[in-house]
Every structure is written in C-alpha cells, then in structure tokens.
Number of protein chains: 2
Amino acid sequence: MEQPNKLLSNPIRLVVVSSLYQVASADFTALMELTGASKGNLSVQLKKLQEAEYIQIKKSFKDNYPNTRCSITSEGKSAFEKHVAYLKKVLRIT
Amino acid sequence: MEQPNKLLSNPIRLVVVSSLYQVASADFTALMELTGASKGNLSVQLKKLQEAEYIQIKKSFKDNYPNTRCSITSEGKSAFEKHVAYLKKVLRIT
DNA sequence: ATTATTTGGTTTATATTATAAACTTGTTTA
DNA sequence: TAAACAAGTTTATAATATAAACCAAATAAT
C-alpha cells in the first residue's frame, strides 16, 4: 500500500518537489540555492521530475537571459503527499 | 547544518535502521519481511550499515541454522535522529 | 572592436550504488 | 543418498548520481 517513491528518495529531487509544493514556482537559480546541487546535476534531476510529470518547466527570457521556471503538477503534489505519508509511517512520526 | 544522510536515503536501509531504532534487535529473516528486499540485496545493505557502524551484527546458530541478528549502535541512533530532523525540516512537518 | 568573463543552462563521461542471479554451506526430508 | 530447503554471501549487471566539459548568448574589460 504505502511504498517509497524512488524519484523522491533522492535528496535533491525531494527538496525540489517539497519546495515547489509550498511555493507556486521557482526558477533554476533559486533551486540551485535551495538544493545546493551543481547546475549539471540539477538540470538532470529537473528533467527526470519533468519526465515523470511531477513538475512543469517553462522556459523564457528574463532580462535578456534564459530563465527556467518550475512548478509542481497535481501528479507531483499527490506523489509528494503519498511519500510523506510513507515516511511518517516508517519514521513513526505523527 | 542539517544535511541529508546518504546511507539513510536508501529506503531499505532507512527501514532497517528505523526498525532497529524501535526494537532492540531483529534477525535477517525479520528484516527481509520488514523491508521486502531480496536476501542478496539485504545482505549488502546490512554490511554497509555495519561498515558505517550504524548497526552491529551477531552471528550464531539457532536450531542448527545460521542466524544473523542485528541491533542499532549509538552512532546509528544519532545518525537516524539527525536524518529525521533533516527530513522534518525539508518536509515541513512538526 | 576584439577578447575575456559571466550567465544560464545542457550533454555526457565517469563514478557510485542498487539489485538480483548465481553461488555456498550446511540441514532436513523423501 | 539424492533432492529440496534454509540462511546467507558474492558478484555481475543495471540503474543512478554527479560534475566536468561543453554551448550560446550577454556583458565587461582593454
């Protein structure tokens, strides 16, 4: 029933999804700071989350520079909630 | 300050450590049921936890069969507590 | 007006990790 | 005594994570 979510077992992806669960949207630079990941690493983790349809990525230009803005999808929200429920059970926290 | 623990980011190892945090000791078979891992997989994960000194393994014979009994160390307890604190922060749960 | 540096990323080669199949050693059952 | 089972371990392979190298455009320095 309650099983661990592999995508969300990676700390970088967990922080990304958890952050986007609270925050409407965040761009690449903000997510780098939040996660502490290198840009290469963050780039592939975001792509994985996008492929799983946990997040949505909108690319645009902001002040002449490319800007990658991410937001969570309803699938992402639901997956996150389930994973949190799983963790709570495993960790025995209410 | 609060960082993810890599060893405890693996779901099998997390369940092992979390279980041993509650339970004084558990043997290989019990941990297989708790984690759902194959024995090969469980075997290497236990060894990793042992190498990190998160758990202690005592081998004996029980009813003529080998028996592998695991318990958590104080280092394991502390690591688990810290990781839980980290997760709580990331997941925004009290 | 080149050249160098910075911004904001992506691709990809390599290192690390996870996993189960194959193996081992001994026990019980037929 | 041969087959099946118990309780693991080893190891080959698959999957994953990570950062170095790369790219394209913008800005700064000379």
# chains A, B, ... in the order shown; residues from 1 in each chain; ligands from 1
$ interface_residues --of "chain D" --to "chain A" --cutoff "9 Å" --atoms "only C-alpha atoms (C1' of nucleotides)" --output "PDB file with C-alpha atoms (C1' of nucleotides), in the first residue's frame"
ATOM      1  C1'  DA D  17      24.119  10.311  -9.431  1.00  0.00           C
ATOM      2  C1'  DT D  18      27.438  13.688 -10.237  1.00  0.00           C
ATOM      3  C1'  DA D  19      30.474  17.009 -12.042  1.00  0.00           C
ATOM      4  C1'  DA D  25      24.305  34.470 -25.742  1.00  0.00           C
ATOM      5  C1'  DA D  26      25.174  38.755 -22.840  1.00  0.00           C
TER       6       DA D  26
END
$ closest_atom_pairs --of "chain C" --to "chain B" --cutoff "9 Å" --atoms "only C-alpha atoms (C1' of nucleotides)" --output "JSON lines"
{"residue": "C:DA18", "atom": "C1'", "partner": "B:Asn41", "partner_atom": "CA", "distance": 7.8}
{"residue": "C:DT19", "atom": "C1'", "partner": "B:Asn41", "partner_atom": "CA", "distance": 6.0}
{"residue": "C:DA20", "atom": "C1'", "partner": "B:Gly40", "partner_atom": "CA", "distance": 6.9}
{"residue": "C:DG26", "atom": "C1'", "partner": "B:Tyr65", "partner_atom": "CA", "distance": 8.0}
{"residue": "C:DT27", "atom": "C1'", "partner": "B:Asn64", "partner_atom": "CA", "distance": 7.5}
$ select_by_dssp --residues "segment 6-92 of chain A" --states "helix (DSSP H, G or I)" --output "VMD selection string"
chain A and resid 7 to 9 11 to 23 28 to 35 39 to 51 74 to 91
$ calpha_fit_and_write --fixed "chain A" --moving "chain B" --output "PDB file with C-alpha atoms, in the first residue's frame"
ATOM      1  CA  MET B   1      -0.012  -0.009   0.082  1.00  0.00           C
ATOM      2  CA  GLU B   2       2.388   2.676   1.238  1.00  0.00           C
ATOM      3  CA  GLN B   3       5.639   2.308  -0.625  1.00  0.00           C
ATOM      4  CA  PRO B   4       8.699   4.505  -1.005  1.00  0.00           C
ATOM      5  CA  ASN B   5       8.806   6.696  -4.064  1.00  0.00           C
ATOM      6  CA  LYS B   6      12.096   6.198  -5.841  1.00  0.00           C
ATOM      7  CA  LEU B   7      12.117   9.563  -7.533  1.00  0.00           C
ATOM      8  CA  LEU B   8      11.551  11.228  -4.182  1.00  0.00           C
ATOM      9  CA  SER B   9      14.198   9.212  -2.399  1.00  0.00           C
ATOM     10  CA  ASN B  10      16.865  11.357  -3.994  1.00  0.00           C
ATOM     11  CA  PRO B  11      17.569  14.310  -1.670  1.00  0.00           C
ATOM     12  CA  ILE B  12      17.902  16.857  -4.468  1.00  0.00           C
ATOM     13  CA  ARG B  13      14.632  15.874  -6.076  1.00  0.00           C
ATOM     14  CA  LEU B  14      12.937  15.708  -2.689  1.00  0.00           C
ATOM     15  CA  VAL B  15      13.969  19.265  -1.866  1.00  0.00           C
ATOM     16  CA  VAL B  16      12.858  20.450  -5.293  1.00  0.00           C
ATOM     17  CA  VAL B  17       9.437  18.867  -5.037  1.00  0.00           C
ATOM     18  CA  SER B  18       8.957  19.805  -1.408  1.00  0.00           C
ATOM     19  CA  SER B  19       9.868  23.398  -2.186  1.00  0.00           C
ATOM     20  CA  LEU B  20       7.592  23.573  -5.177  1.00  0.00           C
ATOM     21  CA  TYR B  21       4.859  22.062  -3.063  1.00  0.00           C
ATOM     22  CA  GLN B  22       4.923  25.196  -0.936  1.00  0.00           C
ATOM     23  CA  VAL B  23       5.854  27.902  -3.392  1.00  0.00           C
ATOM     24  CA  ALA B  24       3.842  28.148  -6.653  1.00  0.00           C
ATOM     25  CA  SER B  25       7.030  28.377  -8.710  1.00  0.00           C
ATOM     26  CA  ALA B  26      10.792  28.748  -8.521  1.00  0.00           C
ATOM     27  CA  ASP B  27      13.480  29.246 -11.129  1.00  0.00           C
ATOM     28  CA  PHE B  28      16.656  27.315 -11.788  1.00  0.00           C
ATOM     29  CA  THR B  29      18.884  29.632  -9.797  1.00  0.00           C
ATOM     30  CA  ALA B  30      16.625  29.561  -6.778  1.00  0.00           C
ATOM     31  CA  LEU B  31      16.484  25.781  -6.905  1.00  0.00           C
ATOM     32  CA  MET B  32      20.258  25.625  -7.088  1.00  0.00           C
ATOM     33  CA  GLU B  33      20.470  27.573  -3.857  1.00  0.00           C
ATOM     34  CA  LEU B  34      17.753  25.540  -2.190  1.00  0.00           C
ATOM     35  CA  THR B  35      19.265  22.210  -3.118  1.00  0.00           C
ATOM     36  CA  GLY B  36      22.952  23.029  -3.132  1.00  0.00           C
ATOM     37  CA  ALA B  37      23.282  20.947  -6.292  1.00  0.00           C
ATOM     38  CA  SER B  38      25.597  21.778  -9.159  1.00  0.00           C
ATOM     39  CA  LYS B  39      23.839  23.078 -12.241  1.00  0.00           C
ATOM     40  CA  GLY B  40      24.593  19.956 -14.247  1.00  0.00           C
ATOM     41  CA  ASN B  41      23.151  17.788 -11.545  1.00  0.00           C
ATOM     42  CA  LEU B  42      20.138  19.997 -11.015  1.00  0.00           C
ATOM     43  CA  SER B  43      19.487  20.056 -14.735  1.00  0.00           C
ATOM     44  CA  VAL B  44      19.193  16.291 -15.009  1.00  0.00           C
ATOM     45  CA  GLN B  45      17.142  15.971 -11.843  1.00  0.00           C
ATOM     46  CA  LEU B  46      14.662  18.555 -13.079  1.00  0.00           C
ATOM     47  CA  LYS B  47      14.390  16.743 -16.366  1.00  0.00           C
ATOM     48  CA  LYS B  48      13.619  13.506 -14.545  1.00  0.00           C
ATOM     49  CA  LEU B  49      10.922  15.182 -12.517  1.00  0.00           C
ATOM     50  CA  GLN B  50       9.517  16.662 -15.680  1.00  0.00           C
ATOM     51  CA  GLU B  51       9.532  13.322 -17.479  1.00  0.00           C
ATOM     52  CA  ALA B  52       7.638  11.842 -14.555  1.00  0.00           C
ATOM     53  CA  GLU B  53       5.261  14.794 -14.853  1.00  0.00           C
ATOM     54  CA  TYR B  54       5.868  15.793 -11.276  1.00  0.00           C
ATOM     55  CA  ILE B  55       6.861  19.276 -12.357  1.00  0.00           C
ATOM     56  CA  GLN B  56       6.263  21.614 -15.238  1.00  0.00           C
ATOM     57  CA  ILE B  57       9.058  23.670 -16.785  1.00  0.00           C
ATOM     58  CA  LYS B  58       8.536  26.949 -18.581  1.00  0.00           C
ATOM     59  CA  LYS B  59      11.438  28.480 -20.415  1.00  0.00           C
ATOM     60  CA  SER B  60      11.532  32.146 -21.206  1.00  0.00           C
ATOM     61  CA  PHE B  61      13.911  35.084 -21.257  1.00  0.00           C
ATOM     62  CA  LYS B  62      14.291  37.363 -18.326  1.00  0.00           C
ATOM     63  CA  ASP B  63      16.461  40.439 -18.714  1.00  0.00           C
ATOM     64  CA  ASN B  64      17.886  38.946 -21.876  1.00  0.00           C
ATOM     65  CA  TYR B  65      18.931  35.751 -20.150  1.00  0.00           C
ATOM     66  CA  PRO B  66      17.299  32.361 -20.398  1.00  0.00           C
ATOM     67  CA  ASN B  67      15.114  31.585 -17.448  1.00  0.00           C
ATOM     68  CA  THR B  68      13.849  28.191 -16.383  1.00  0.00           C
ATOM     69  CA  ARG B  69      10.855  28.349 -14.126  1.00  0.00           C
ATOM     70  CA  CYS B  70       9.450  25.260 -12.429  1.00  0.00           C
ATOM     71  CA  SER B  71       6.180  24.480 -10.775  1.00  0.00           C
ATOM     72  CA  ILE B  72       4.637  21.360  -9.337  1.00  0.00           C
ATOM     73  CA  THR B  73       1.861  19.444 -11.080  1.00  0.00           C
ATOM     74  CA  SER B  74      -1.092  17.790  -9.415  1.00  0.00           C
ATOM     75  CA  GLU B  75       0.604  14.469 -10.047  1.00  0.00           C
ATOM     76  CA  GLY B  76       3.686  15.784  -8.270  1.00  0.00           C
ATOM     77  CA  LYS B  77       1.607  17.002  -5.354  1.00  0.00           C
ATOM     78  CA  SER B  78      -0.089  13.688  -4.974  1.00  0.00           C
ATOM     79  CA  ALA B  79       3.175  11.761  -5.207  1.00  0.00           C
ATOM     80  CA  PHE B  80       4.737  14.026  -2.625  1.00  0.00           C
ATOM     81  CA  GLU B  81       1.831  13.619  -0.239  1.00  0.00           C
ATOM     82  CA  LYS B  82       1.966   9.869  -0.547  1.00  0.00           C
ATOM     83  CA  HIS B  83       5.684   9.792   0.008  1.00  0.00           C
ATOM     84  CA  VAL B  84       5.356  11.962   3.091  1.00  0.00           C
ATOM     85  CA  ALA B  85       2.722   9.592   4.417  1.00  0.00           C
ATOM     86  CA  TYR B  86       5.069   6.700   3.766  1.00  0.00           C
ATOM     87  CA  LEU B  87       7.948   8.421   5.523  1.00  0.00           C
ATOM     88  CA  LYS B  88       5.825   9.310   8.496  1.00  0.00           C
ATOM     89  CA  LYS B  89       4.912   5.698   8.877  1.00  0.00           C
ATOM     90  CA  VAL B  90       8.478   4.476   8.541  1.00  0.00           C
ATOM     91  CA  LEU B  91       9.860   7.133  10.842  1.00  0.00           C
ATOM     92  CA  ARG B  92       7.006   6.774  13.303  1.00  0.00           C
ATOM     93  CA  ILE B  93       6.154  10.424  13.318  1.00  0.00           C
ATOM     94  CA  THR B  94       2.698  11.870  13.518  1.00  0.00           C
TER      95      THR B  94
END
$ select_by_dssp --residues "chain A" --states "strand (DSSP E)" --output "MDAnalysis selection string"
chainID A and resid 26:27 55:62 65:72
$ write_last_selection --atoms "N, CA and C atoms" --output "short mmCIF file (atom, residue, chain, number, x, y, z; two decimals), in the first residue's frame"
data_model
loop_
_atom_site.label_atom_id
_atom_site.label_comp_id
_atom_site.auth_asym_id
_atom_site.auth_seq_id
_atom_site.Cartn_x
_atom_site.Cartn_y
_atom_site.Cartn_z
N ALA A 26 9.45 28.31 -8.87
CA ALA A 26 10.81 28.73 -8.54
C ALA A 26 11.67 28.53 -9.77
N ASP A 27 12.66 29.40 -9.95
CA ASP A 27 13.49 29.24 -11.13
C ASP A 27 14.77 28.46 -10.83
N ILE A 55 6.73 17.82 -12.25
CA ILE A 55 6.86 19.28 -12.35
C ILE A 55 6.67 19.71 -13.80
N GLN A 56 6.44 20.99 -13.94
CA GLN A 56 6.26 21.60 -15.24
C GLN A 56 7.38 22.63 -15.40
N ILE A 57 7.96 22.70 -16.58
CA ILE A 57 9.05 23.64 -16.79
C ILE A 57 8.71 24.62 -17.90
N LYS A 58 8.82 25.90 -17.58
CA LYS A 58 8.55 26.92 -18.59
C LYS A 58 9.80 27.73 -18.84
N LYS A 59 10.25 27.72 -20.08
CA LYS A 59 11.45 28.45 -20.42
C LYS A 59 11.09 29.78 -21.07
N SER A 60 11.79 30.82 -20.64
CA SER A 60 11.55 32.13 -21.23
C SER A 60 12.83 32.94 -21.14
N PHE A 61 12.73 34.20 -21.47
CA PHE A 61 13.87 35.10 -21.29
C PHE A 61 13.51 36.18 -20.28
N LYS A 62 14.44 36.38 -19.38
CA LYS A 62 14.20 37.38 -18.33
C LYS A 62 15.43 38.27 -18.30
N TYR A 65 18.35 37.14 -20.37
CA TYR A 65 18.92 35.82 -20.10
C TYR A 65 17.84 34.74 -20.11
N PRO A 66 18.24 33.52 -20.48
CA PRO A 66 17.30 32.40 -20.41
C PRO A 66 16.87 32.18 -18.96
N ASN A 67 15.63 31.82 -18.79
CA ASN A 67 15.11 31.58 -17.45
C ASN A 67 14.24 30.32 -17.45
N THR A 68 14.55 29.46 -16.50
CA THR A 68 13.86 28.18 -16.40
C THR A 68 13.03 28.17 -15.14
N ARG A 69 11.73 28.23 -15.31
CA ARG A 69 10.86 28.33 -14.14
C ARG A 69 10.08 27.04 -13.94
N CYS A 70 10.08 26.55 -12.73
CA CYS A 70 9.47 25.25 -12.44
C CYS A 70 8.30 25.39 -11.49
N SER A 71 7.30 24.55 -11.73
CA SER A 71 6.18 24.47 -10.79
C SER A 71 5.73 23.02 -10.68
N ILE A 72 5.05 22.73 -9.59
CA ILE A 72 4.64 21.35 -9.36
C ILE A 72 3.32 21.07 -10.07
#
$ atom_distance --atom1 "atom C1' of DC23 of chain D" --atom2 "atom C1' of DA13 of chain C"
16.9 Å
$ residues_around --residues "DT12 of chain C" --least-positions-apart "3" --cutoff "10 Å" --atoms "only C-alpha atoms (C1' of nucleotides)" --output "NGL selection string"
:D and (20-22)
$ closest_residue --among "C:DT5, C:DT10, C:DT16, C:DT24" --to "DT10 of chain D" --atoms "only C-alpha atoms (C1' of nucleotides)"
C:DT24
